[in-house]
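File shown: work33.txt. Contents: compact mmCIF, all heavy atoms.
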```
# COMPACT_ATOMS: atom_id res chain seq x y z
N MET A 1 115.36 110.20 94.82
CA MET A 1 114.63 108.96 94.70
C MET A 1 115.60 107.78 94.79
O MET A 1 116.69 107.82 94.24
CB MET A 1 113.90 108.89 93.37
CG MET A 1 112.63 109.67 93.32
SD MET A 1 111.68 109.29 91.84
CE MET A 1 111.72 110.89 91.09
N SER A 2 115.14 106.75 95.42
CA SER A 2 115.94 105.54 95.57
C SER A 2 115.73 104.61 94.38
O SER A 2 114.76 104.73 93.64
CB SER A 2 115.53 104.79 96.84
OG SER A 2 115.70 105.60 97.95
N ASP A 3 116.63 103.67 94.24
CA ASP A 3 116.53 102.66 93.20
C ASP A 3 115.53 101.59 93.64
O ASP A 3 115.50 101.20 94.82
CB ASP A 3 117.92 102.06 93.00
CG ASP A 3 117.97 101.05 91.88
OD1 ASP A 3 117.21 101.21 90.90
OD2 ASP A 3 118.75 100.11 91.97
N LEU A 4 114.73 101.11 92.71
CA LEU A 4 113.75 100.06 93.03
C LEU A 4 114.41 98.81 93.61
O LEU A 4 113.83 98.15 94.47
CB LEU A 4 112.96 99.68 91.78
CG LEU A 4 111.89 100.67 91.35
CD1 LEU A 4 111.41 100.34 89.95
CD2 LEU A 4 110.73 100.65 92.32
N THR A 5 115.62 98.49 93.13
CA THR A 5 116.28 97.27 93.61
C THR A 5 116.72 97.36 95.05
O THR A 5 117.13 96.35 95.63
CB THR A 5 117.47 96.90 92.71
OG1 THR A 5 118.39 97.98 92.68
CG2 THR A 5 117.03 96.56 91.29
N SER A 6 116.61 98.53 95.66
CA SER A 6 116.93 98.65 97.08
C SER A 6 115.81 98.09 97.96
O SER A 6 116.00 97.87 99.15
CB SER A 6 117.22 100.11 97.45
OG SER A 6 116.03 100.88 97.36
N MET A 7 114.65 97.82 97.34
CA MET A 7 113.52 97.28 98.08
C MET A 7 113.64 95.76 98.17
O MET A 7 114.21 95.12 97.29
CB MET A 7 112.20 97.63 97.38
CG MET A 7 111.93 99.12 97.32
SD MET A 7 110.36 99.49 96.54
CE MET A 7 109.25 99.05 97.89
N THR A 8 113.08 95.19 99.22
CA THR A 8 113.08 93.75 99.42
C THR A 8 112.33 93.07 98.28
O THR A 8 111.26 93.52 97.89
CB THR A 8 112.39 93.40 100.76
OG1 THR A 8 113.06 94.10 101.80
CG2 THR A 8 112.43 91.92 101.04
N ASN A 9 112.92 92.01 97.74
CA ASN A 9 112.32 91.18 96.69
C ASN A 9 112.15 91.87 95.33
O ASN A 9 111.39 91.39 94.49
CB ASN A 9 110.97 90.59 97.14
CG ASN A 9 111.12 89.65 98.29
OD1 ASN A 9 112.10 88.92 98.38
ND2 ASN A 9 110.18 89.67 99.21
N ILE A 10 112.83 92.98 95.10
CA ILE A 10 112.80 93.63 93.80
C ILE A 10 114.20 93.53 93.20
O ILE A 10 115.13 94.19 93.64
CB ILE A 10 112.39 95.12 93.88
CG1 ILE A 10 111.06 95.31 94.60
CG2 ILE A 10 112.39 95.75 92.49
CD1 ILE A 10 109.85 94.88 93.83
N GLY A 11 114.32 92.65 92.21
CA GLY A 11 115.60 92.48 91.53
C GLY A 11 115.63 93.31 90.25
O GLY A 11 114.71 94.08 89.97
N LYS A 12 116.69 93.13 89.47
CA LYS A 12 116.84 93.91 88.24
C LYS A 12 115.72 93.65 87.25
O LYS A 12 115.21 94.58 86.62
CB LYS A 12 118.19 93.59 87.59
CG LYS A 12 119.37 94.14 88.35
CD LYS A 12 120.67 93.80 87.66
CE LYS A 12 121.85 94.30 88.47
NZ LYS A 12 123.13 93.99 87.82
N GLU A 13 115.33 92.41 87.10
CA GLU A 13 114.27 92.06 86.13
C GLU A 13 112.93 92.67 86.54
O GLU A 13 112.21 93.23 85.71
CB GLU A 13 114.15 90.54 85.99
CG GLU A 13 113.28 90.11 84.86
CD GLU A 13 113.76 90.56 83.49
OE1 GLU A 13 114.98 90.69 83.28
OE2 GLU A 13 112.90 90.78 82.61
N MET A 14 112.57 92.56 87.80
CA MET A 14 111.31 93.14 88.27
C MET A 14 111.35 94.66 88.16
O MET A 14 110.35 95.29 87.81
CB MET A 14 111.01 92.72 89.71
CG MET A 14 109.68 93.27 90.24
SD MET A 14 108.24 92.89 89.22
CE MET A 14 108.04 91.17 89.55
N ALA A 15 112.48 95.26 88.44
CA ALA A 15 112.63 96.71 88.31
C ALA A 15 112.38 97.14 86.87
O ALA A 15 111.71 98.15 86.63
CB ALA A 15 114.01 97.15 88.78
N LYS A 16 112.87 96.37 85.89
CA LYS A 16 112.62 96.67 84.47
C LYS A 16 111.13 96.61 84.17
O LYS A 16 110.59 97.46 83.46
CB LYS A 16 113.35 95.68 83.57
CG LYS A 16 114.82 95.88 83.47
CD LYS A 16 115.41 94.83 82.53
CE LYS A 16 116.91 94.80 82.59
NZ LYS A 16 117.47 93.73 81.73
N LYS A 17 110.47 95.60 84.69
CA LYS A 17 109.03 95.43 84.44
C LYS A 17 108.23 96.56 85.07
O LYS A 17 107.27 97.05 84.49
CB LYS A 17 108.56 94.07 84.97
CG LYS A 17 109.13 92.91 84.17
CD LYS A 17 108.79 91.58 84.79
CE LYS A 17 109.43 90.44 84.01
NZ LYS A 17 109.16 89.13 84.61
N LEU A 18 108.62 96.97 86.27
CA LEU A 18 107.93 98.07 86.94
C LEU A 18 108.15 99.39 86.19
O LEU A 18 107.21 100.16 86.00
CB LEU A 18 108.40 98.19 88.39
CG LEU A 18 107.97 97.06 89.31
CD1 LEU A 18 108.71 97.14 90.63
CD2 LEU A 18 106.47 97.10 89.53
N THR A 19 109.37 99.60 85.73
CA THR A 19 109.68 100.82 84.99
C THR A 19 108.85 100.88 83.70
O THR A 19 108.41 101.95 83.30
CB THR A 19 111.19 100.88 84.67
OG1 THR A 19 111.90 100.85 85.92
CG2 THR A 19 111.55 102.15 83.94
N ALA A 20 108.60 99.73 83.09
CA ALA A 20 107.81 99.68 81.86
C ALA A 20 106.38 100.17 82.05
O ALA A 20 105.74 100.63 81.10
CB ALA A 20 107.81 98.26 81.30
N VAL A 21 105.87 100.08 83.27
CA VAL A 21 104.51 100.56 83.54
C VAL A 21 104.52 101.88 84.32
O VAL A 21 103.52 102.27 84.91
CB VAL A 21 103.64 99.51 84.27
CG1 VAL A 21 103.37 98.33 83.37
CG2 VAL A 21 104.23 99.08 85.59
N GLY A 22 105.66 102.56 84.32
CA GLY A 22 105.72 103.90 84.90
C GLY A 22 106.13 103.98 86.35
O GLY A 22 106.06 105.04 86.96
N ILE A 23 106.56 102.88 86.93
CA ILE A 23 107.00 102.88 88.32
C ILE A 23 108.52 102.87 88.32
O ILE A 23 109.14 101.87 88.00
CB ILE A 23 106.47 101.64 89.08
CG1 ILE A 23 104.96 101.53 88.97
CG2 ILE A 23 106.92 101.66 90.54
CD1 ILE A 23 104.18 102.67 89.55
N ASP A 24 109.11 104.02 88.65
CA ASP A 24 110.57 104.12 88.59
C ASP A 24 111.22 104.45 89.92
O ASP A 24 112.40 104.75 89.99
CB ASP A 24 110.98 105.14 87.53
CG ASP A 24 110.40 106.52 87.80
OD1 ASP A 24 109.74 106.71 88.83
OD2 ASP A 24 110.62 107.41 86.96
N SER A 25 110.44 104.36 90.99
CA SER A 25 110.99 104.60 92.32
C SER A 25 110.17 103.86 93.38
O SER A 25 108.99 103.58 93.15
CB SER A 25 110.98 106.10 92.63
OG SER A 25 109.66 106.55 92.82
N PRO A 26 110.79 103.57 94.52
CA PRO A 26 110.03 102.94 95.60
C PRO A 26 108.84 103.80 96.04
O PRO A 26 107.77 103.28 96.35
CB PRO A 26 111.05 102.79 96.73
CG PRO A 26 112.36 102.72 96.03
CD PRO A 26 112.21 103.65 94.85
N GLU A 27 109.04 105.10 95.99
CA GLU A 27 107.97 106.02 96.41
C GLU A 27 106.74 105.86 95.52
O GLU A 27 105.61 105.83 96.01
CB GLU A 27 108.47 107.47 96.38
CG GLU A 27 109.55 107.78 97.40
CD GLU A 27 110.96 107.39 96.96
OE1 GLU A 27 111.17 106.98 95.80
OE2 GLU A 27 111.87 107.48 97.80
N LYS A 28 106.95 105.75 94.22
CA LYS A 28 105.83 105.57 93.29
C LYS A 28 105.14 104.23 93.50
O LYS A 28 103.92 104.13 93.42
CB LYS A 28 106.29 105.70 91.84
CG LYS A 28 106.50 107.11 91.40
CD LYS A 28 106.78 107.15 89.90
CE LYS A 28 107.01 108.57 89.44
NZ LYS A 28 107.32 108.61 88.00
N LEU A 29 105.92 103.19 93.77
CA LEU A 29 105.35 101.87 94.02
C LEU A 29 104.48 101.90 95.28
O LEU A 29 103.35 101.41 95.29
CB LEU A 29 106.44 100.82 94.15
CG LEU A 29 106.00 99.39 94.44
CD1 LEU A 29 105.01 98.88 93.39
CD2 LEU A 29 107.18 98.46 94.53
N ILE A 30 104.98 102.51 96.32
CA ILE A 30 104.23 102.61 97.57
C ILE A 30 102.97 103.46 97.37
O ILE A 30 101.89 103.10 97.84
CB ILE A 30 105.13 103.19 98.69
CG1 ILE A 30 106.22 102.16 99.04
CG2 ILE A 30 104.31 103.57 99.91
CD1 ILE A 30 107.35 102.71 99.87
N GLU A 31 103.12 104.57 96.65
CA GLU A 31 101.99 105.47 96.40
C GLU A 31 100.88 104.77 95.63
O GLU A 31 99.71 104.90 95.95
CB GLU A 31 102.49 106.68 95.61
CG GLU A 31 101.44 107.71 95.31
CD GLU A 31 102.03 108.84 94.48
OE1 GLU A 31 103.00 109.47 94.94
OE2 GLU A 31 101.53 109.07 93.37
N GLN A 32 101.23 104.02 94.59
CA GLN A 32 100.23 103.37 93.75
C GLN A 32 99.69 102.09 94.37
O GLN A 32 98.55 101.72 94.11
CB GLN A 32 100.85 103.04 92.39
CG GLN A 32 101.26 104.27 91.66
CD GLN A 32 100.74 104.32 90.25
OE1 GLN A 32 100.19 103.35 89.74
NE2 GLN A 32 100.89 105.45 89.64
N GLY A 33 100.49 101.42 95.15
CA GLY A 33 100.06 100.17 95.77
C GLY A 33 100.32 98.98 94.87
O GLY A 33 100.23 99.08 93.65
N SER A 34 100.66 97.87 95.47
CA SER A 34 101.06 96.69 94.70
C SER A 34 99.93 96.13 93.84
O SER A 34 100.16 95.68 92.72
CB SER A 34 101.61 95.62 95.63
OG SER A 34 100.64 95.25 96.58
N LYS A 35 98.70 96.17 94.32
CA LYS A 35 97.58 95.63 93.54
C LYS A 35 97.38 96.44 92.26
O LYS A 35 97.19 95.88 91.18
CB LYS A 35 96.29 95.63 94.36
CG LYS A 35 96.25 94.56 95.41
CD LYS A 35 94.93 94.57 96.13
CE LYS A 35 94.93 93.52 97.22
NZ LYS A 35 93.67 93.52 97.97
N GLN A 36 97.42 97.75 92.37
CA GLN A 36 97.23 98.61 91.20
C GLN A 36 98.35 98.41 90.19
O GLN A 36 98.11 98.34 88.99
CB GLN A 36 97.16 100.08 91.64
CG GLN A 36 96.83 101.03 90.51
CD GLN A 36 95.44 100.81 89.94
OE1 GLN A 36 94.53 100.35 90.61
NE2 GLN A 36 95.28 101.12 88.68
N VAL A 37 99.57 98.30 90.67
CA VAL A 37 100.71 98.09 89.78
C VAL A 37 100.62 96.73 89.10
O VAL A 37 100.89 96.59 87.91
CB VAL A 37 102.05 98.25 90.54
CG1 VAL A 37 103.23 97.85 89.68
CG2 VAL A 37 102.20 99.69 91.02
N PHE A 38 100.20 95.71 89.84
CA PHE A 38 100.02 94.38 89.25
C PHE A 38 99.01 94.45 88.11
O PHE A 38 99.24 93.89 87.03
CB PHE A 38 99.55 93.37 90.31
CG PHE A 38 99.12 92.07 89.69
CD1 PHE A 38 100.05 91.12 89.32
CD2 PHE A 38 97.78 91.81 89.46
CE1 PHE A 38 99.66 89.91 88.74
CE2 PHE A 38 97.38 90.62 88.88
CZ PHE A 38 98.32 89.67 88.52
N LEU A 39 97.90 95.13 88.33
CA LEU A 39 96.87 95.22 87.29
C LEU A 39 97.38 95.97 86.07
O LEU A 39 97.12 95.57 84.93
CB LEU A 39 95.62 95.91 87.85
CG LEU A 39 94.84 95.07 88.87
CD1 LEU A 39 93.72 95.90 89.48
CD2 LEU A 39 94.30 93.81 88.23
N LYS A 40 98.15 97.03 86.27
CA LYS A 40 98.74 97.76 85.14
C LYS A 40 99.62 96.82 84.33
O LYS A 40 99.55 96.78 83.11
CB LYS A 40 99.62 98.91 85.64
CG LYS A 40 98.91 100.17 85.93
CD LYS A 40 99.95 101.22 86.26
CE LYS A 40 99.35 102.54 86.54
NZ LYS A 40 100.36 103.55 86.84
N ARG A 41 100.46 96.09 85.03
CA ARG A 41 101.40 95.19 84.36
C ARG A 41 100.67 94.06 83.65
O ARG A 41 100.96 93.71 82.52
CB ARG A 41 102.39 94.64 85.37
CG ARG A 41 103.47 93.86 84.70
CD ARG A 41 104.64 93.61 85.56
NE ARG A 41 105.16 92.28 85.44
CZ ARG A 41 105.39 91.63 84.31
NH1 ARG A 41 105.14 92.17 83.18
NH2 ARG A 41 105.88 90.42 84.32
N TYR A 42 99.66 93.50 84.31
CA TYR A 42 98.88 92.40 83.74
C TYR A 42 98.22 92.83 82.43
O TYR A 42 98.31 92.15 81.43
CB TYR A 42 97.83 91.93 84.74
CG TYR A 42 96.89 90.89 84.18
CD1 TYR A 42 97.28 89.57 84.08
CD2 TYR A 42 95.62 91.24 83.74
CE1 TYR A 42 96.43 88.60 83.56
CE2 TYR A 42 94.76 90.29 83.21
CZ TYR A 42 95.17 88.98 83.12
OH TYR A 42 94.33 88.04 82.59
N PHE A 43 97.55 93.98 82.45
CA PHE A 43 96.84 94.42 81.26
C PHE A 43 97.77 94.91 80.17
O PHE A 43 97.47 94.77 78.99
CB PHE A 43 95.78 95.47 81.62
CG PHE A 43 94.59 94.85 82.31
CD1 PHE A 43 94.32 95.12 83.63
CD2 PHE A 43 93.76 93.97 81.63
CE1 PHE A 43 93.24 94.53 84.27
CE2 PHE A 43 92.68 93.37 82.26
CZ PHE A 43 92.42 93.66 83.58
N GLN A 44 98.91 95.44 80.52
CA GLN A 44 99.90 95.83 79.52
C GLN A 44 100.41 94.58 78.80
O GLN A 44 100.53 94.55 77.59
CB GLN A 44 101.07 96.58 80.15
CG GLN A 44 102.10 97.00 79.11
CD GLN A 44 103.35 97.52 79.72
OE1 GLN A 44 103.90 96.94 80.66
NE2 GLN A 44 103.81 98.65 79.23
N LYS A 45 100.69 93.54 79.57
CA LYS A 45 101.18 92.28 79.01
C LYS A 45 100.11 91.66 78.10
O LYS A 45 100.41 91.17 77.02
CB LYS A 45 101.53 91.33 80.16
CG LYS A 45 102.25 90.09 79.76
CD LYS A 45 102.63 89.30 81.00
CE LYS A 45 103.28 87.99 80.68
NZ LYS A 45 103.63 87.24 81.87
N LYS A 46 98.86 91.72 78.51
CA LYS A 46 97.76 91.17 77.75
C LYS A 46 97.58 91.92 76.43
O LYS A 46 97.33 91.30 75.39
CB LYS A 46 96.47 91.23 78.59
CG LYS A 46 95.39 90.33 78.13
CD LYS A 46 94.34 90.23 79.21
CE LYS A 46 93.25 89.30 78.85
NZ LYS A 46 93.45 87.95 79.29
N ARG A 47 97.74 93.24 76.43
CA ARG A 47 97.62 94.04 75.20
C ARG A 47 98.70 93.68 74.20
O ARG A 47 98.48 93.70 73.00
CB ARG A 47 97.70 95.53 75.52
CG ARG A 47 96.36 96.11 75.86
CD ARG A 47 96.44 97.61 75.97
NE ARG A 47 96.12 97.92 77.36
CZ ARG A 47 96.78 98.73 78.14
NH1 ARG A 47 97.81 99.41 77.69
NH2 ARG A 47 96.42 98.93 79.37
N LYS A 48 99.90 93.39 74.69
CA LYS A 48 101.01 93.05 73.80
C LYS A 48 100.75 91.75 73.06
O LYS A 48 101.17 91.57 71.93
CB LYS A 48 102.31 92.93 74.58
CG LYS A 48 102.89 94.26 74.97
CD LYS A 48 104.23 94.09 75.66
CE LYS A 48 104.82 95.42 76.05
NZ LYS A 48 106.11 95.26 76.70
N LYS A 49 100.03 90.82 73.67
CA LYS A 49 99.72 89.53 73.04
C LYS A 49 98.72 89.69 71.91
O LYS A 49 98.71 88.94 70.96
CB LYS A 49 99.19 88.54 74.07
CG LYS A 49 100.25 87.99 74.99
CD LYS A 49 99.68 86.94 75.90
CE LYS A 49 100.75 86.36 76.81
NZ LYS A 49 100.23 85.32 77.67
N ASN A 50 97.81 90.66 72.04
CA ASN A 50 96.75 90.84 71.02
C ASN A 50 97.21 91.63 69.85
O ASN A 50 97.95 92.29 69.57
CB ASN A 50 95.52 91.50 71.65
CG ASN A 50 94.86 90.59 72.66
OD1 ASN A 50 94.93 89.37 72.52
ND2 ASN A 50 94.24 91.15 73.65
```
Rewrite the structure from the file as structure tokens, please.
Amino acid sequence: MSDLTSMTNIGKEMAKKLTAVGIDSPEKLIEQGSKQVFLKRYFQKKRKKN
């Protein structure tokens, strides 16, 4: 598996955020799709506030 930061526009901070929602490789990000990953991250962030 490759490192997430090897992808265009994915820096260290974004890689940390993606890993927090279970995306730890470019393959997983591609498989899940950016919209689905965004929603996971959005709702995880929202739960932490409550």
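The space separating CD of Lys12 in chain A from CZ of Phe43 in chain A comes to 28.5 Å.
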Find the distance between CA of Gly22 in chain A and CA of Lys49 in chain A and write it in Å to one decimal. 19.6 Å
From a DSSP calculation on the backbone, collect every residue of chain A in helix (DSSP H, G or I) and output the set as a PyMOL selection string. chain A and resi 4-6+12-20+26-32+34-49
I want to know what sits within 12 Å of Thr19 in chain A, based on only C-alpha atoms, with residues of the same chain fewer than 4 positions away left out; could you give that as a PDB file with all heavy atoms, keeping the file's coordinate frame?
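Output file around.pdb follows:
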```pdb
ATOM      1  N   ASP A   3     116.630 103.670  94.240  1.00  0.00           N
ATOM      2  CA  ASP A   3     116.530 102.660  93.200  1.00  0.00           C
ATOM      3  C   ASP A   3     115.530 101.590  93.640  1.00  0.00           C
ATOM      4  O   ASP A   3     115.500 101.200  94.820  1.00  0.00           O
ATOM      5  CB  ASP A   3     117.920 102.060  93.000  1.00  0.00           C
ATOM      6  CG  ASP A   3     117.970 101.050  91.880  1.00  0.00           C
ATOM      7  OD1 ASP A   3     117.210 101.210  90.900  1.00  0.00           O
ATOM      8  OD2 ASP A   3     118.750 100.110  91.970  1.00  0.00           O
ATOM      9  N   LEU A   4     114.730 101.110  92.710  1.00  0.00           N
ATOM     10  CA  LEU A   4     113.750 100.060  93.030  1.00  0.00           C
ATOM     11  C   LEU A   4     114.410  98.810  93.610  1.00  0.00           C
ATOM     12  O   LEU A   4     113.830  98.150  94.470  1.00  0.00           O
ATOM     13  CB  LEU A   4     112.960  99.680  91.780  1.00  0.00           C
ATOM     14  CG  LEU A   4     111.890 100.670  91.350  1.00  0.00           C
ATOM     15  CD1 LEU A   4     111.410 100.340  89.950  1.00  0.00           C
ATOM     16  CD2 LEU A   4     110.730 100.650  92.320  1.00  0.00           C
ATOM     17  N   THR A   5     115.620  98.490  93.130  1.00  0.00           N
ATOM     18  CA  THR A   5     116.280  97.270  93.610  1.00  0.00           C
ATOM     19  C   THR A   5     116.720  97.360  95.050  1.00  0.00           C
ATOM     20  O   THR A   5     117.130  96.350  95.630  1.00  0.00           O
ATOM     21  CB  THR A   5     117.470  96.900  92.710  1.00  0.00           C
ATOM     22  OG1 THR A   5     118.390  97.980  92.680  1.00  0.00           O
ATOM     23  CG2 THR A   5     117.030  96.560  91.290  1.00  0.00           C
ATOM     24  N   ILE A  10     112.830  92.980  95.100  1.00  0.00           N
ATOM     25  CA  ILE A  10     112.800  93.630  93.800  1.00  0.00           C
ATOM     26  C   ILE A  10     114.200  93.530  93.200  1.00  0.00           C
ATOM     27  O   ILE A  10     115.130  94.190  93.640  1.00  0.00           O
ATOM     28  CB  ILE A  10     112.390  95.120  93.880  1.00  0.00           C
ATOM     29  CG1 ILE A  10     111.060  95.310  94.600  1.00  0.00           C
ATOM     30  CG2 ILE A  10     112.390  95.750  92.490  1.00  0.00           C
ATOM     31  CD1 ILE A  10     109.850  94.880  93.830  1.00  0.00           C
ATOM     32  N   LYS A  12     116.690  93.130  89.470  1.00  0.00           N
ATOM     33  CA  LYS A  12     116.840  93.910  88.240  1.00  0.00           C
ATOM     34  C   LYS A  12     115.720  93.650  87.250  1.00  0.00           C
ATOM     35  O   LYS A  12     115.210  94.580  86.620  1.00  0.00           O
ATOM     36  CB  LYS A  12     118.190  93.590  87.590  1.00  0.00           C
ATOM     37  CG  LYS A  12     119.370  94.140  88.350  1.00  0.00           C
ATOM     38  CD  LYS A  12     120.670  93.800  87.660  1.00  0.00           C
ATOM     39  CE  LYS A  12     121.850  94.300  88.470  1.00  0.00           C
ATOM     40  NZ  LYS A  12     123.130  93.990  87.820  1.00  0.00           N
ATOM     41  N   GLU A  13     115.330  92.410  87.100  1.00  0.00           N
ATOM     42  CA  GLU A  13     114.270  92.060  86.130  1.00  0.00           C
ATOM     43  C   GLU A  13     112.930  92.670  86.540  1.00  0.00           C
ATOM     44  O   GLU A  13     112.210  93.230  85.710  1.00  0.00           O
ATOM     45  CB  GLU A  13     114.150  90.540  85.990  1.00  0.00           C
ATOM     46  CG  GLU A  13     113.280  90.110  84.860  1.00  0.00           C
ATOM     47  CD  GLU A  13     113.760  90.560  83.490  1.00  0.00           C
ATOM     48  OE1 GLU A  13     114.980  90.690  83.280  1.00  0.00           O
ATOM     49  OE2 GLU A  13     112.900  90.780  82.610  1.00  0.00           O
ATOM     50  N   MET A  14     112.570  92.560  87.800  1.00  0.00           N
ATOM     51  CA  MET A  14     111.310  93.140  88.270  1.00  0.00           C
ATOM     52  C   MET A  14     111.350  94.660  88.160  1.00  0.00           C
ATOM     53  O   MET A  14     110.350  95.290  87.810  1.00  0.00           O
ATOM     54  CB  MET A  14     111.010  92.720  89.710  1.00  0.00           C
ATOM     55  CG  MET A  14     109.680  93.270  90.240  1.00  0.00           C
ATOM     56  SD  MET A  14     108.240  92.890  89.220  1.00  0.00           S
ATOM     57  CE  MET A  14     108.040  91.170  89.550  1.00  0.00           C
ATOM     58  N   ALA A  15     112.480  95.260  88.440  1.00  0.00           N
ATOM     59  CA  ALA A  15     112.630  96.710  88.310  1.00  0.00           C
ATOM     60  C   ALA A  15     112.380  97.140  86.870  1.00  0.00           C
ATOM     61  O   ALA A  15     111.710  98.150  86.630  1.00  0.00           O
ATOM     62  CB  ALA A  15     114.010  97.150  88.780  1.00  0.00           C
ATOM     63  N   ILE A  23     106.560 102.880  86.930  1.00  0.00           N
ATOM     64  CA  ILE A  23     107.000 102.880  88.320  1.00  0.00           C
ATOM     65  C   ILE A  23     108.520 102.870  88.320  1.00  0.00           C
ATOM     66  O   ILE A  23     109.140 101.870  88.000  1.00  0.00           O
ATOM     67  CB  ILE A  23     106.470 101.640  89.080  1.00  0.00           C
ATOM     68  CG1 ILE A  23     104.960 101.530  88.970  1.00  0.00           C
ATOM     69  CG2 ILE A  23     106.920 101.660  90.540  1.00  0.00           C
ATOM     70  CD1 ILE A  23     104.180 102.670  89.550  1.00  0.00           C
ATOM     71  N   ASP A  24     109.110 104.020  88.650  1.00  0.00           N
ATOM     72  CA  ASP A  24     110.570 104.120  88.590  1.00  0.00           C
ATOM     73  C   ASP A  24     111.220 104.450  89.920  1.00  0.00           C
ATOM     74  O   ASP A  24     112.400 104.750  89.990  1.00  0.00           O
ATOM     75  CB  ASP A  24     110.980 105.140  87.530  1.00  0.00           C
ATOM     76  CG  ASP A  24     110.400 106.520  87.800  1.00  0.00           C
ATOM     77  OD1 ASP A  24     109.740 106.710  88.830  1.00  0.00           O
ATOM     78  OD2 ASP A  24     110.620 107.410  86.960  1.00  0.00           O
ATOM     79  N   SER A  25     110.440 104.360  90.990  1.00  0.00           N
ATOM     80  CA  SER A  25     110.990 104.600  92.320  1.00  0.00           C
ATOM     81  C   SER A  25     110.170 103.860  93.380  1.00  0.00           C
ATOM     82  O   SER A  25     108.990 103.580  93.150  1.00  0.00           O
ATOM     83  CB  SER A  25     110.980 106.100  92.630  1.00  0.00           C
ATOM     84  OG  SER A  25     109.660 106.550  92.820  1.00  0.00           O
ATOM     85  N   PRO A  26     110.790 103.570  94.520  1.00  0.00           N
ATOM     86  CA  PRO A  26     110.030 102.940  95.600  1.00  0.00           C
ATOM     87  C   PRO A  26     108.840 103.800  96.040  1.00  0.00           C
ATOM     88  O   PRO A  26     107.770 103.280  96.350  1.00  0.00           O
ATOM     89  CB  PRO A  26     111.050 102.790  96.730  1.00  0.00           C
ATOM     90  CG  PRO A  26     112.360 102.720  96.030  1.00  0.00           C
ATOM     91  CD  PRO A  26     112.210 103.650  94.850  1.00  0.00           C
ATOM     92  N   LYS A  28     106.950 105.750  94.220  1.00  0.00           N
ATOM     93  CA  LYS A  28     105.830 105.570  93.290  1.00  0.00           C
ATOM     94  C   LYS A  28     105.140 104.230  93.500  1.00  0.00           C
ATOM     95  O   LYS A  28     103.920 104.130  93.420  1.00  0.00           O
ATOM     96  CB  LYS A  28     106.290 105.700  91.840  1.00  0.00           C
ATOM     97  CG  LYS A  28     106.500 107.110  91.400  1.00  0.00           C
ATOM     98  CD  LYS A  28     106.780 107.150  89.900  1.00  0.00           C
ATOM     99  CE  LYS A  28     107.010 108.570  89.440  1.00  0.00           C
ATOM    100  NZ  LYS A  28     107.320 108.610  88.000  1.00  0.00           N
ATOM    101  N   LEU A  29     105.920 103.190  93.770  1.00  0.00           N
ATOM    102  CA  LEU A  29     105.350 101.870  94.020  1.00  0.00           C
ATOM    103  C   LEU A  29     104.480 101.900  95.280  1.00  0.00           C
ATOM    104  O   LEU A  29     103.350 101.410  95.290  1.00  0.00           O
ATOM    105  CB  LEU A  29     106.440 100.820  94.150  1.00  0.00           C
ATOM    106  CG  LEU A  29     106.000  99.390  94.440  1.00  0.00           C
ATOM    107  CD1 LEU A  29     105.010  98.880  93.390  1.00  0.00           C
ATOM    108  CD2 LEU A  29     107.180  98.460  94.530  1.00  0.00           C
ATOM    109  N   VAL A  37      99.570  98.300  90.670  1.00  0.00           N
ATOM    110  CA  VAL A  37     100.710  98.090  89.780  1.00  0.00           C
ATOM    111  C   VAL A  37     100.620  96.730  89.100  1.00  0.00           C
ATOM    112  O   VAL A  37     100.890  96.590  87.910  1.00  0.00           O
ATOM    113  CB  VAL A  37     102.050  98.250  90.540  1.00  0.00           C
ATOM    114  CG1 VAL A  37     103.230  97.850  89.680  1.00  0.00           C
ATOM    115  CG2 VAL A  37     102.200  99.690  91.020  1.00  0.00           C
ATOM    116  N   LYS A  40      98.150  97.030  86.270  1.00  0.00           N
ATOM    117  CA  LYS A  40      98.740  97.760  85.140  1.00  0.00           C
ATOM    118  C   LYS A  40      99.620  96.820  84.330  1.00  0.00           C
ATOM    119  O   LYS A  40      99.550  96.780  83.110  1.00  0.00           O
ATOM    120  CB  LYS A  40      99.620  98.910  85.640  1.00  0.00           C
ATOM    121  CG  LYS A  40      98.910 100.170  85.930  1.00  0.00           C
ATOM    122  CD  LYS A  40      99.950 101.220  86.260  1.00  0.00           C
ATOM    123  CE  LYS A  40      99.350 102.540  86.540  1.00  0.00           C
ATOM    124  NZ  LYS A  40     100.360 103.550  86.840  1.00  0.00           N
ATOM    125  N   ARG A  41     100.460  96.090  85.030  1.00  0.00           N
ATOM    126  CA  ARG A  41     101.400  95.190  84.360  1.00  0.00           C
ATOM    127  C   ARG A  41     100.670  94.060  83.650  1.00  0.00           C
ATOM    128  O   ARG A  41     100.960  93.710  82.520  1.00  0.00           O
ATOM    129  CB  ARG A  41     102.390  94.640  85.370  1.00  0.00           C
ATOM    130  CG  ARG A  41     103.470  93.860  84.700  1.00  0.00           C
ATOM    131  CD  ARG A  41     104.640  93.610  85.560  1.00  0.00           C
ATOM    132  NE  ARG A  41     105.160  92.280  85.440  1.00  0.00           N
ATOM    133  CZ  ARG A  41     105.390  91.630  84.310  1.00  0.00           C
ATOM    134  NH1 ARG A  41     105.140  92.170  83.180  1.00  0.00           N
ATOM    135  NH2 ARG A  41     105.880  90.420  84.320  1.00  0.00           N
TER     136      ARG A  41
END
```
So the first atom is CG2 of Ile30 in chain A and the second is atom N of Ser6 in chain A; what is the distance between them in Å, to one decimal place?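 CG2 of Ile30 in chain A sits 14.0 Å away from atom N of Ser6 in chain A.
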